[in-house]
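Quick notes on the structure that follows.
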Amino acid sequence: QVQLVESGGGLVQAGGSLRLSCAASGLRFSIYSMGWFRQAPGKERESVAAISWSGSRTYYVDSVKGRFTISRDNAKNTVYLQMNSLKSEDTAVYYCAAQKFGWAGSSVPRGTDFGSWGQGTQVTVSS
């Protein structure tokens, strides 16, 4: 079955950077759309970034545009989220998600667009 394992989270000062990785197995990675979601304490889960299976479409929530970059390496079955200029409001558990073909880039990605999820990695930004 599909397995997604996130890594790269941690504690960082405001203004710093982190790169999250999500290693996927049990799937033909190149035909899966991938997404990053986050959930902060007391808040609903929100989509942060997504990349279509072809890699031609990406999505970013407004609050991270210009700071975060999603990318994929099909040879390594891995999707990345480069996070720069981190702010305290970025503090959350970040989840990787995957869906065969799935999100095509024409709409805001929702959690229900993805069928496979990782366990999450904590990102804490201190101000």
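How things are named: the first chain in the structure tokens is A, the next is B, and so on; residues count from 1 in each chain; ligands count from 1 in the order shown.
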Closest contacts (region 18-53 of chain A/region 69-90 of chain A, max 7 Å, only C-alpha atoms) as a Markdown table:
| residue | atom | partner | partner_atom | distance |
| --- | --- | --- | --- | --- |
| A:Leu18 | CA | A:Met83 | CA | 5.2 |
| A:Arg19 | CA | A:Gln82 | CA | 4.4 |
| A:Leu20 | CA | A:Leu81 | CA | 5.0 |
| A:Ser21 | CA | A:Tyr80 | CA | 4.6 |
| A:Cys22 | CA | A:Val79 | CA | 5.2 |
| A:Ala23 | CA | A:Thr78 | CA | 4.6 |
| A:Ala24 | CA | A:Asn77 | CA | 5.4 |
| A:Phe29 | CA | A:Asn77 | CA | 5.7 |
| A:Ser30 | CA | A:Asn74 | CA | 5.7 |
| A:Ala49 | CA | A:Ile70 | CA | 6.5 |
| A:Ala50 | CA | A:Ile70 | CA | 6.9 |
| A:Ile51 | CA | A:Ile70 | CA | 6.9 |
Same residues, N, CA and C atoms, output as a CSV table (one decimal), in the first residue's frame:
chain,number,residue,atom,x,y,z
A,18,LEU,N,13.5,25.8,6.6
A,18,LEU,CA,13.5,24.4,6.7
A,18,LEU,C,13.1,23.8,5.4
A,19,ARG,N,13.5,22.6,5.2
A,19,ARG,CA,13.1,21.8,4.0
A,19,ARG,C,12.4,20.5,4.4
A,20,LEU,N,11.2,20.4,4.2
A,20,LEU,CA,10.4,19.2,4.5
A,20,LEU,C,10.6,18.2,3.3
A,21,SER,N,10.7,16.9,3.6
A,21,SER,CA,10.7,15.9,2.6
A,21,SER,C,9.6,14.9,2.9
A,22,CYS,N,9.1,14.3,1.8
A,22,CYS,CA,8.1,13.3,2.0
A,22,CYS,C,8.5,12.1,1.0
A,23,ALA,N,9.0,11.0,1.6
A,23,ALA,CA,9.4,9.9,0.8
A,23,ALA,C,8.2,8.9,0.6
A,24,ALA,N,7.9,8.6,-0.6
A,24,ALA,CA,6.7,7.8,-0.9
A,24,ALA,C,7.2,6.4,-1.4
A,29,PHE,N,5.0,6.7,-8.3
A,29,PHE,CA,5.1,8.1,-7.9
A,29,PHE,C,4.8,9.1,-9.0
A,30,SER,N,5.3,8.8,-10.2
A,30,SER,CA,5.2,9.8,-11.2
A,30,SER,C,3.8,10.1,-11.7
A,49,ALA,N,0.4,23.7,-0.1
A,49,ALA,CA,1.0,23.7,-1.4
A,49,ALA,C,0.7,22.3,-2.0
A,50,ALA,N,0.6,22.3,-3.4
A,50,ALA,CA,0.4,21.1,-4.1
A,50,ALA,C,1.1,21.1,-5.4
A,51,ILE,N,1.4,19.9,-5.9
A,51,ILE,CA,2.0,19.8,-7.3
A,51,ILE,C,1.3,18.7,-8.0
Practice task
With a distance cut-off of 8 Å and only C-alpha atoms, select the neighbouring residues of region 31-36 of chain A, excluding the residue or stretch itself and same-chain residues fewer than 2 positions from it, and output the selection as a ChimeraX atom specification.
Solution key: /A:28-29,38,47-54,79,81,94-104,109,114
Practice task
Go through A:Thr58, A:Lys65, A:Ala14, A:Thr124 and flag the residue nearest Ser107 (chain A), using only C-alpha atoms for the distances.
Solution key: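 Checking each candidate against Ser107 (chain A), we get A:Thr58 as the closest.
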Practice task
Counting only C-alpha atoms, figure out which residue out of A:Val64, A:Gly10, A:Leu4, A:Lys43 gets nearest to Gln119 (chain A).
Solution key: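 The closest residue to Gln119 (chain A) is A:Leu4.
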Exercise for the section: Output as a ChimeraX atom specification all residues of chain A that backbone DSSP marks as strand (DSSP E). Expected result: /A:3-7,10-13,18-25,32-39,46-51,58-60,68-73,78-83,92-100,116-117,121-126
